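Enquirer: This structure is in structure tokens; I'll ask about it shortly.
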Amino acid sequence: MHIQQREVRGVVILDLSDRFVLEDGVNGFVERMNTLIRHGRKRILLNFEKVTYLDSAGVGAIAWKFVTAKQQNCDVKLLNLRPKSFTVLETTKLLTVIRAFESEEEAIESFVLDPGDDDDIDPIFT
């Protein structure tokens with residue numbers, strides 16, 4: 001899996017691509033999320049537009065890092081879930097706790113409207 005990072009209006013967006021599976025991507029995702037959380041990034045949006053496959057290890061990593069983020073008062077949301085990824089996340093009931101959006105603008109606006117910590121923190125990985 002490849003991860004590109006960008007920031008829009010104080011929201012860190014991770015553009016994920018390729019296969020989000022145990023042997024190709026989960027560790028990199030976990031490390032990136034740990035770094036963001038450790039550096040106090042409070043708003044993280046995971047863009048799944050180019051994710052071609054999501055396995056159970058990927059689902060586990062998403063759930064794990066969502067819980068870790070919440071424990072640090074961070075918010076994680078999902079964007080552009082493809083039909084198969086949506087079905088997997090819906091079946092596992094993760095979409096009952098993690099908000100998902102089809103529009104980047106709508107997702108970013110949801111962070112702005114949600115109460116949260118607005119600390120200005122220097123970007124990492126830019």
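Ligands are numbered from 1 in the order shown, residues from 1 within each chain, and chains are lettered A, B, ... in the order they appear in the structure tokens.
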Quick check for you: according to DSSP on this backbone, which residues of segment 78-119 of chain A are classed as strand (DSSP E or B)? Reply as a VMD selection string.
Expert: chain A and resid 78 to 79 100 to 101
Enquirer: Between A:Lys65, A:Arg99, A:Lys84, A:Lys70, which is the closest to Met33 of chain A once you count only C-alpha atoms?
Expert: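 Under the stated criterion, the closest residue is A:Lys65.
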Enquirer: Which residues are near Asn80 of chain A? Cut-off 8 Å, only C-alpha atoms, ignore same chain within fewer than 3 positions. Put them as a ChimeraX atom specification.
Expert: /A:47-49,100-103
Enquirer: Atom CA of Val97 of chain A to atom CA of Ser85 of chain A: how many Å, to one decimal?
Expert: 15.6 Å
Enquirer: Between atom CA of Gly28 of chain A and atom CA of Leu14 of chain A, measure the distance and give it in Å to one decimal.
Expert: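 Taking atom CA of Gly28 of chain A and atom CA of Leu14 of chain A, their separation equals 11.8 Å.
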Enquirer: Atom CA of Leu45 of chain A and atom CA of Glu104 of chain A, how far apart in Å?
Expert: 8.9 Å
Enquirer: Run DSSP on the backbone and grab whatever in segment 7-74 of chain A lands in helix (DSSP H, G or I); send it over as a list in words.
Expert: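 Helix (DSSP H, G or I) assignments inside segment 7-74 of chain A correspond to Val26, Asn27, Gly28, Phe29, Val30, Glu31, Arg32, Met33, Asn34, Thr35, Leu36, Ile37, Arg38, Ser56, Ala57, Gly58, Val59, Gly60, Ala61, Ile62, Ala63, Trp64, Lys65, Phe66, Val67, Thr68, Ala69, Lys70 and Gln71 of chain A.
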Enquirer: Smallest atom-to-atom distance to Arg6 of chain A: which of A:Ile44, A:Thr87, A:Phe66, A:Asp18, using only C-alpha atoms?
Expert: A:Ile44
